[in-house]
>>> print(open('structure_32.pdb').read())   # PDB, C-alpha atoms and all ligand atoms
ATOM      1  CA  MET A   1      57.851 125.711  71.649
ATOM      2  CA  LEU A   2      59.943 128.079  69.468
ATOM      3  CA  LYS A   3      63.159 126.423  68.375
ATOM      4  CA  ILE A   4      66.022 128.849  67.829
ATOM      5  CA  VAL A   5      69.648 128.768  66.694
ATOM      6  CA  ILE A   6      71.986 131.584  67.737
ATOM      7  CA  PHE A   7      74.919 132.630  65.531
ATOM      8  CA  GLY A   8      77.934 134.233  67.187
ATOM      9  CA  THR A   9      79.712 133.840  70.499
ATOM     10  CA  GLY A  10      80.285 137.517  71.319
ATOM     11  CA  ASN A  11      78.681 140.016  73.685
ATOM     12  CA  LEU A  12      75.114 139.965  72.440
ATOM     13  CA  ALA A  13      75.054 136.242  71.625
ATOM     14  CA  LYS A  14      75.988 135.449  75.244
ATOM     15  CA  HIS A  15      73.391 137.784  76.743
ATOM     16  CA  LEU A  16      70.653 136.546  74.399
ATOM     17  CA  TYR A  17      71.589 132.942  75.103
ATOM     18  CA  THR A  18      71.323 133.466  78.877
ATOM     19  CA  ALA A  19      67.947 135.183  78.489
ATOM     20  CA  PHE A  20      66.500 132.576  76.091
ATOM     21  CA  LEU A  21      67.661 129.659  78.262
ATOM     22  CA  LYS A  22      65.421 131.003  81.045
ATOM     23  CA  ALA A  23      62.509 131.923  78.737
ATOM     24  CA  ASP A  24      59.282 129.931  78.645
ATOM     25  CA  GLY A  25      58.391 128.468  75.265
ATOM     26  CA  VAL A  26      61.879 128.811  73.755
ATOM     27  CA  ASP A  27      64.290 126.003  73.001
ATOM     28  CA  VAL A  28      67.849 127.056  72.141
ATOM     29  CA  ALA A  29      68.628 124.168  69.811
ATOM     30  CA  GLN A  30      72.171 125.209  68.845
ATOM     31  CA  VAL A  31      74.808 127.921  69.027
ATOM     32  CA  VAL A  32      76.908 128.306  65.884
ATOM     33  CA  GLY A  33      80.184 130.230  65.813
ATOM     34  CA  ARG A  34      83.594 130.161  64.201
ATOM     35  CA  ASN A  35      85.444 130.590  67.497
ATOM     36  CA  ARG A  36      85.743 127.043  68.924
ATOM     37  CA  GLU A  37      87.101 128.208  72.274
ATOM     38  CA  GLU A  38      84.266 130.690  72.864
ATOM     39  CA  LEU A  39      81.727 128.092  71.729
ATOM     40  CA  GLN A  40      82.622 125.822  74.659
ATOM     41  CA  GLN A  41      80.857 128.049  77.194
ATOM     42  CA  PHE A  42      77.510 127.182  75.540
ATOM     43  CA  ALA A  43      78.192 123.441  75.407
ATOM     44  CA  GLU A  44      76.793 122.503  78.822
ATOM     45  CA  HIS A  45      73.139 123.182  77.956
ATOM     46  CA  THR A  46      73.067 123.407  74.158
ATOM     47  CA  LYS A  47      74.443 121.792  71.029
ATOM     48  CA  ILE A  48      77.275 123.772  69.482
ATOM     49  CA  SER A  49      78.749 123.878  65.982
ATOM     50  CA  ALA A  50      81.717 125.579  64.370
ATOM     51  CA  ASP A  51      80.604 124.190  61.014
ATOM     52  CA  PHE A  52      78.278 126.627  59.243
ATOM     53  CA  ASP A  53      77.150 123.818  56.943
ATOM     54  CA  ALA A  54      75.879 121.739  59.900
ATOM     55  CA  ILE A  55      73.102 123.954  61.180
ATOM     56  CA  ALA A  56      70.101 122.513  63.051
ATOM     57  CA  ASP A  57      66.548 123.109  61.795
ATOM     58  CA  ALA A  58      64.853 125.888  63.724
ATOM     59  CA  ASP A  59      61.919 128.322  63.678
ATOM     60  CA  VAL A  60      64.209 131.327  64.082
ATOM     61  CA  TYR A  61      67.911 131.839  63.334
ATOM     62  CA  VAL A  62      69.230 134.752  65.394
ATOM     63  CA  ILE A  63      72.356 136.218  63.783
ATOM     64  CA  ALA A  64      74.394 137.988  66.480
ATOM     65  CA  VAL A  65      77.665 138.381  64.588
ATOM     66  CA  LYS A  66      79.420 141.656  63.767
ATOM     67  CA  ASP A  67      77.514 143.895  61.370
ATOM     68  CA  GLY A  68      79.880 143.323  58.433
ATOM     69  CA  ALA A  69      79.429 139.511  58.595
ATOM     70  CA  ILE A  70      75.594 139.366  58.700
ATOM     71  CA  ALA A  71      75.120 139.010  54.926
ATOM     72  CA  GLU A  72      77.835 136.356  54.691
ATOM     73  CA  VAL A  73      76.398 134.274  57.568
ATOM     74  CA  SER A  74      72.840 134.547  56.241
ATOM     75  CA  LYS A  75      73.985 132.883  52.984
ATOM     76  CA  TYR A  76      74.455 129.618  54.895
ATOM     77  CA  LEU A  77      70.734 129.690  55.697
ATOM     78  CA  SER A  78      69.325 130.080  52.191
ATOM     79  CA  ASN A  79      67.857 126.546  52.187
ATOM     80  CA  LYS A  80      66.324 126.727  55.667
ATOM     81  CA  GLN A  81      62.603 127.136  56.344
ATOM     82  CA  GLY A  82      62.939 129.220  59.530
ATOM     83  CA  ILE A  83      63.078 133.008  59.872
ATOM     84  CA  VAL A  84      66.565 134.507  59.632
ATOM     85  CA  ALA A  85      66.871 137.600  61.842
ATOM     86  CA  HIS A  86      69.857 139.821  62.544
ATOM     87  CA  THR A  87      70.291 141.816  65.742
ATOM     88  CA  SER A  88      71.824 145.054  64.495
ATOM     89  CA  GLY A  89      70.560 148.605  64.890
ATOM     90  CA  ALA A  90      72.449 149.871  61.874
ATOM     91  CA  ILE A  91      71.889 147.192  59.215
ATOM     92  CA  ALA A  92      68.867 147.087  56.878
ATOM     93  CA  LEU A  93      66.486 144.115  56.766
ATOM     94  CA  ASN A  94      67.264 143.328  53.129
ATOM     95  CA  VAL A  95      70.950 142.634  53.829
ATOM     96  CA  ILE A  96      69.755 139.160  54.840
ATOM     97  CA  GLN A  97      69.648 136.764  51.901
ATOM     98  CA  PRO A  98      66.837 134.284  52.723
ATOM     99  CA  LYS A  99      63.275 135.450  51.990
ATOM    100  CA  LYS A 100      61.895 134.813  55.480
ATOM    101  CA  ARG A 101      64.002 137.559  56.987
ATOM    102  CA  GLY A 102      63.697 139.750  60.018
ATOM    103  CA  VAL A 103      65.370 141.952  62.589
ATOM    104  CA  PHE A 104      65.559 141.365  66.329
ATOM    105  CA  TYR A 105      67.345 144.420  67.740
ATOM    106  CA  PRO A 106      67.600 144.779  71.511
ATOM    107  CA  LEU A 107      68.139 148.467  72.236
ATOM    108  CA  GLN A 108      70.691 148.254  75.019
ATOM    109  CA  THR A 109      74.441 148.259  75.487
ATOM    110  CA  PHE A 110      75.825 144.768  76.125
ATOM    111  CA  THR A 111      79.264 144.266  77.577
ATOM    112  CA  LYS A 112      81.111 141.110  78.533
ATOM    113  CA  GLY A 113      80.640 140.184  82.175
ATOM    114  CA  LYS A 114      77.974 142.841  82.832
ATOM    115  CA  GLU A 115      74.568 141.257  83.444
ATOM    116  CA  VAL A 116      71.431 142.924  82.101
ATOM    117  CA  ASP A 117      67.733 142.567  82.889
ATOM    118  CA  PHE A 118      66.265 141.672  79.504
ATOM    119  CA  SER A 119      62.680 142.154  80.695
ATOM    120  CA  THR A 120      63.126 145.967  80.593
ATOM    121  CA  ILE A 121      65.033 146.154  77.304
ATOM    122  CA  PRO A 122      63.063 147.391  74.280
ATOM    123  CA  ILE A 123      63.293 144.873  71.450
ATOM    124  CA  CYS A 124      62.775 146.355  67.992
ATOM    125  CA  ILE A 125      61.453 143.848  65.502
ATOM    126  CA  GLU A 126      60.938 143.974  61.750
ATOM    127  CA  ALA A 127      60.118 141.231  59.242
ATOM    128  CA  HIS A 128      59.554 140.596  55.571
ATOM    129  CA  ASP A 129      56.079 139.096  56.123
ATOM    130  CA  LYS A 130      53.259 139.181  58.678
ATOM    131  CA  SER A 131      53.672 135.659  59.993
ATOM    132  CA  SER A 132      57.443 136.141  60.552
ATOM    133  CA  LEU A 133      56.700 139.392  62.369
ATOM    134  CA  GLU A 134      54.281 137.570  64.642
ATOM    135  CA  THR A 135      56.831 134.852  65.411
ATOM    136  CA  LEU A 136      59.568 137.398  66.155
ATOM    137  CA  GLY A 137      57.076 139.294  68.335
ATOM    138  CA  ASN A 138      56.407 136.115  70.354
ATOM    139  CA  LEU A 139      60.129 135.419  70.649
ATOM    140  CA  ALA A 140      60.800 138.975  71.844
ATOM    141  CA  ALA A 141      57.895 138.824  74.314
ATOM    142  CA  SER A 142      59.385 135.676  75.837
ATOM    143  CA  ILE A 143      62.267 137.767  77.245
ATOM    144  CA  SER A 144      61.058 141.390  77.284
ATOM    145  CA  GLN A 145      57.969 143.384  78.227
ATOM    146  CA  TYR A 146      58.768 145.997  75.574
ATOM    147  CA  VAL A 147      58.418 144.854  71.974
ATOM    148  CA  HIS A 148      58.241 147.457  69.194
ATOM    149  CA  GLN A 149      57.680 147.115  65.475
ATOM    150  CA  ILE A 150      60.290 149.434  63.918
ATOM    151  CA  ASP A 151      61.212 149.522  60.203
ATOM    152  CA  SER A 152      64.764 149.728  58.821
ATOM    153  CA  LYS A 153      64.624 153.501  58.227
ATOM    154  CA  GLU A 154      63.338 154.200  61.750
ATOM    155  CA  ARG A 155      65.818 151.751  63.279
ATOM    156  CA  LYS A 156      68.752 153.498  61.597
ATOM    157  CA  LYS A 157      67.679 156.799  63.171
ATOM    158  CA  LEU A 158      67.111 155.112  66.532
ATOM    159  CA  HIS A 159      70.588 153.632  66.357
ATOM    160  CA  LEU A 160      72.016 157.079  65.588
ATOM    161  CA  ALA A 161      70.137 158.496  68.595
ATOM    162  CA  ALA A 162      71.543 155.658  70.710
ATOM    163  CA  VAL A 163      75.078 156.575  69.623
ATOM    164  CA  PHE A 164      74.535 160.111  70.936
ATOM    165  CA  VAL A 165      72.989 159.130  74.283
ATOM    166  CA  ASN A 166      75.194 156.130  74.983
ATOM    167  CA  ASN A 167      78.482 156.026  73.075
ATOM    168  CA  PHE A 168      79.200 159.769  73.074
ATOM    169  CA  THR A 169      78.078 160.203  76.685
ATOM    170  CA  ASN A 170      80.305 157.321  77.751
ATOM    171  CA  TYR A 171      83.262 158.890  75.936
ATOM    172  CA  LEU A 172      82.611 162.098  77.878
ATOM    173  CA  TYR A 173      82.615 160.059  81.123
ATOM    174  CA  GLY A 174      86.114 158.988  80.078
ATOM    175  CA  ILE A 175      87.230 162.630  79.804
ATOM    176  CA  GLY A 176      85.710 163.297  83.244
ATOM    177  CA  GLU A 177      87.620 160.342  84.662
ATOM    178  CA  GLU A 178      90.875 161.557  83.086
ATOM    179  CA  LEU A 179      90.474 165.070  84.505
ATOM    180  CA  CYS A 180      89.784 163.645  87.986
ATOM    181  CA  LEU A 181      92.781 161.331  87.854
ATOM    182  CA  ASP A 182      94.996 164.259  86.713
ATOM    183  CA  GLU A 183      94.347 165.789  90.141
ATOM    184  CA  GLY A 184      94.542 162.487  92.013
ATOM    185  CA  LEU A 185      90.765 162.589  92.583
ATOM    186  CA  SER A 186      88.534 159.531  92.459
ATOM    187  CA  PHE A 187      86.102 159.213  89.537
ATOM    188  CA  ASN A 188      83.615 157.926  92.172
ATOM    189  CA  LEU A 189      83.057 161.582  93.141
ATOM    190  CA  LEU A 190      81.260 162.104  89.822
ATOM    191  CA  LYS A 191      79.091 158.970  89.888
ATOM    192  CA  PRO A 192      76.125 160.416  91.859
ATOM    193  CA  LEU A 193      76.048 163.292  89.345
ATOM    194  CA  ILE A 194      76.095 160.861  86.405
ATOM    195  CA  LEU A 195      73.222 158.864  87.900
ATOM    196  CA  GLU A 196      71.139 161.962  88.674
ATOM    197  CA  THR A 197      71.677 163.292  85.124
ATOM    198  CA  ALA A 198      70.352 160.003  83.735
ATOM    199  CA  ASN A 199      67.527 159.767  86.277
ATOM    200  CA  LYS A 200      66.114 163.234  85.834
ATOM    201  CA  ILE A 201      65.250 162.733  82.169
ATOM    202  CA  GLN A 202      62.634 160.222  83.369
ATOM    203  CA  THR A 203      60.571 163.260  84.408
ATOM    204  CA  LEU A 204      62.092 166.213  82.513
ATOM    205  CA  SER A 205      62.919 166.682  78.825
ATOM    206  CA  PRO A 206      66.677 166.869  78.096
ATOM    207  CA  HIS A 207      66.135 170.534  77.192
ATOM    208  CA  GLU A 208      64.491 171.285  80.562
ATOM    209  CA  ALA A 209      67.135 169.297  82.424
ATOM    210  CA  GLN A 210      70.122 171.176  80.933
ATOM    211  CA  THR A 211      72.281 173.092  83.417
ATOM    212  CA  GLY A 212      75.886 174.359  83.423
ATOM    213  CA  PRO A 213      77.991 177.367  82.377
ATOM    214  CA  ALA A 214      77.036 177.162  78.671
ATOM    215  CA  ARG A 215      73.323 176.980  79.517
ATOM    216  CA  ARG A 216      73.764 180.160  81.653
ATOM    217  CA  ASN A 217      76.200 181.709  79.134
ATOM    218  CA  ASP A 218      78.701 182.125  81.968
ATOM    219  CA  ILE A 219      81.641 183.250  79.814
ATOM    220  CA  LYS A 220      84.084 183.645  82.722
ATOM    221  CA  SER A 221      83.641 180.033  83.895
ATOM    222  CA  MET A 222      83.927 178.698  80.358
ATOM    223  CA  GLU A 223      87.168 180.616  79.755
ATOM    224  CA  GLY A 224      88.500 179.262  83.054
ATOM    225  CA  HIS A 225      87.675 175.701  82.004
ATOM    226  CA  LEU A 226      89.331 176.119  78.625
ATOM    227  CA  GLY A 227      92.472 177.347  80.378
ATOM    228  CA  LEU A 228      92.624 174.083  82.356
ATOM    229  CA  LEU A 229      92.297 171.741  79.377
ATOM    230  CA  LYS A 230      95.529 170.429  77.871
ATOM    231  CA  LYS A 231      94.437 168.087  75.102
ATOM    232  CA  LYS A 232      93.467 169.593  71.771
ATOM    233  CA  GLU A 233      90.504 167.218  71.310
ATOM    234  CA  HIS A 234      89.140 168.106  74.754
ATOM    235  CA  ILE A 235      89.329 171.838  73.934
ATOM    236  CA  THR A 236      87.595 171.251  70.573
ATOM    237  CA  LEU A 237      84.831 169.207  72.226
ATOM    238  CA  TYR A 238      84.358 171.712  75.051
ATOM    239  CA  LYS A 239      83.982 174.601  72.599
ATOM    240  CA  LEU A 240      81.686 172.660  70.250
ATOM    241  CA  LEU A 241      79.353 171.361  72.968
ATOM    242  CA  SER A 242      79.250 174.695  74.812
ATOM    243  CA  GLN A 243      78.364 176.511  71.581
ATOM    244  CA  ALA A 244      75.600 173.984  70.810
ATOM    245  CA  ILE A 245      74.130 174.252  74.338
ATOM    246  CA  LYS A 246      74.310 178.074  74.188
ATOM    247  CA  GLN A 247      72.497 178.121  70.859
ATOM    248  CA  ALA A 248      69.788 175.731  72.074
ATOM    249  CA  HIS A 249      69.044 177.986  75.090
ATOM    250  CA  GLU A 250      69.664 181.401  73.492
ATOM    251  CA  LYS A 251      66.043 182.506  73.747
ATOM    252  CA  GLU A 252      65.861 181.748  77.477
ATOM    253  CA  LEU A 253      68.882 183.912  78.433
TER     254      LEU A 253
HETATM  255  N1  LIG B 301      77.047 144.868  72.004
HETATM  256  C1  LIG B 301      75.994 145.625  71.959
HETATM  257  O1  LIG B 301      75.817 146.492  72.825
HETATM  258  C2  LIG B 301      74.925 145.418  70.905
HETATM  259  C3  LIG B 301      73.642 145.979  71.119
HETATM  260  C4  LIG B 301      72.640 145.749  70.176
HETATM  261  C5  LIG B 301      72.937 145.057  69.008
HETATM  262  N2  LIG B 301      74.213 144.564  68.801
HETATM  263  C6  LIG B 301      74.482 143.842  67.555
HETATM  264  O2  LIG B 301      74.833 142.509  67.872
HETATM  265  C7  LIG B 301      75.697 141.987  66.858
HETATM  266  C8  LIG B 301      76.921 141.385  67.532
HETATM  267  O3  LIG B 301      77.568 142.400  68.260
HETATM  268  P1  LIG B 301      78.460 142.063  69.555
HETATM  269  O4  LIG B 301      78.555 143.313  70.345
HETATM  270  O5  LIG B 301      77.980 140.829  70.171
HETATM  271  O6  LIG B 301      79.869 141.828  68.845
HETATM  272  P2  LIG B 301      81.149 141.002  69.366
HETATM  273  O7  LIG B 301      81.103 140.824  70.836
HETATM  274  O8  LIG B 301      82.314 141.672  68.754
HETATM  275  O9  LIG B 301      80.952 139.573  68.692
HETATM  276  C9  LIG B 301      80.945 139.469  67.297
HETATM  277  C10 LIG B 301      80.744 138.019  66.923
HETATM  278  O10 LIG B 301      80.719 137.946  65.485
HETATM  279  C11 LIG B 301      81.554 136.874  65.087
HETATM  280  N3  LIG B 301      82.029 137.092  63.722
HETATM  281  C12 LIG B 301      82.725 138.151  63.262
HETATM  282  N4  LIG B 301      82.981 137.997  61.944
HETATM  283  C13 LIG B 301      82.438 136.815  61.576
HETATM  284  C14 LIG B 301      82.357 136.092  60.357
HETATM  285  N5  LIG B 301      82.898 136.585  59.222
HETATM  286  N6  LIG B 301      81.702 134.900  60.345
HETATM  287  C15 LIG B 301      81.166 134.404  61.479
HETATM  288  N7  LIG B 301      81.194 135.039  62.674
HETATM  289  C16 LIG B 301      81.825 136.226  62.716
HETATM  290  C17 LIG B 301      82.674 136.897  66.105
HETATM  291  O11 LIG B 301      83.402 135.707  66.055
HETATM  292  P3  LIG B 301      84.982 135.694  66.389
HETATM  293  O12 LIG B 301      85.083 135.653  67.889
HETATM  294  O13 LIG B 301      85.454 134.469  65.731
HETATM  295  O14 LIG B 301      85.558 136.955  65.799
HETATM  296  C18 LIG B 301      81.867 137.080  67.386
HETATM  297  O15 LIG B 301      81.306 135.867  67.804
HETATM  298  C19 LIG B 301      76.020 143.155  65.918
HETATM  299  O16 LIG B 301      75.190 143.093  64.787
HETATM  300  C20 LIG B 301      75.670 144.379  66.766
HETATM  301  O17 LIG B 301      75.292 145.492  65.981
HETATM  302  C21 LIG B 301      75.210 144.722  69.721
END
>>> encode(input="structure_32.pdb", output="structure tokens")
Amino acid sequence: MLKIVIFGTGNLAKHLYTAFLKADGVDVAQVVGRNREELQQFAEHTKISADFDAIADADVYVIAVKDGAIAEVSKYLSNKQGIVAHTSGAIALNVIQPKKRGVFYPLQTFTKGKEVDFSTIPICIEAHDKSSLETLGNLAASISQYVHQIDSKERKKLHLAAVFVNNFTNYLYGIGEELCLDEGLSFNLLKPLILETANKIQTLSPHEAQTGPARRNDIKSMEGHLGLLKKKEHITLYKLLSQAIKQAHEKEL
């Protein structure tokens, strides 16, 4: 049985907690967080603590606090025997103070109130030593079918790639929603298109899947679109993205 303590009471901590509670071979011994109110939701099945000096002994300490607080929280664990692992895509392994350190980064977007199926989420692990890596691998395999050994340099790049495909894309959904609402149209009209765009890259490369006026270098349509945009940042984005798409497909025109 792997005994774990989770730090944090935010988005990822809650999702990890739910997944680990159901996992075979894992005992969530404690949840530690500074927010006493948020901590209460873990109290039914697990011990909780708002005191970072009263931490239970565990095999793995999973730090799911905001990136800027990882180093600070890991200092409380300098005398513990267990592995101390953070969950961030953007933070290096060596930010953690204790020697038995690792990373346990689930590559997915986690939002409050939105359930996820952990079994399909890639978990990127890294550790200071072989035995810690093996333990983190077992912990990851208890909730996911997809466990990958990824070092800090690779993880940083992966996180950057994730920002492009998730955060930027989602921002663009927001522009789409705004343009629909401007005309009194429902954003639901665009949802089948959003799903098909995401689905088709299961079988096509993003390059092969690209369509649209910029891909075809349809100058008239692009000028028409620019004439409809009111916000400066939307015009800048439209021009920038269209230029990049045009350049990427220049040879095929
Ligand atoms: N959300 C995602 O999609 C996602 C995906 C993969 C990895 N991650 C990683 O997961 C980690 C947590 O992210 P999140 O999305 O769960 O963030 P979040 O929902 O904003 O929660 C952040 C947590 O950190 C705690 N915290 C902040 N500063 C602290 C400090 N100085 N000392 C102790 N606790 C502190 C917060 O406590 P208070 O409530 O008291 O502020 C809160 O419990 C980050 O490293 C992030 O990179 C997130």
>>> resolve_selection(input="structure_32.pdb", expression="the PyMOL selection byres (((chain A and resi 69) around 12) and not hetatm)", output="MDAnalysis selection string")
chainID A and resid 7:8 33:34 63:68 70:76 86:88 91 95:96
>>> atom_distance(input="structure_32.pdb", atom1="atom CA of A:Glu115", atom2="atom C5 of ligand LIG 301 (chain B)")
15.0 Å
>>> closest_residue(input="structure_32.pdb", among="A:Ile235, A:Leu189, A:Ile219, A:Ala248", to="A:His207", atoms="only C-alpha atoms")
A:Ala248
>>> atom_distance(input="structure_32.pdb", atom1="atom CA of A:Gln40", atom2="atom CA of A:Ala56")
17.4 Å
>>> resolve_selection(input="structure_32.pdb", expression="the PyMOL selection byres (((chain A and resi 190) around 12) and not hetatm)", output="VMD selection string")
chain A and resid 173 to 181 185 to 189 191 to 197
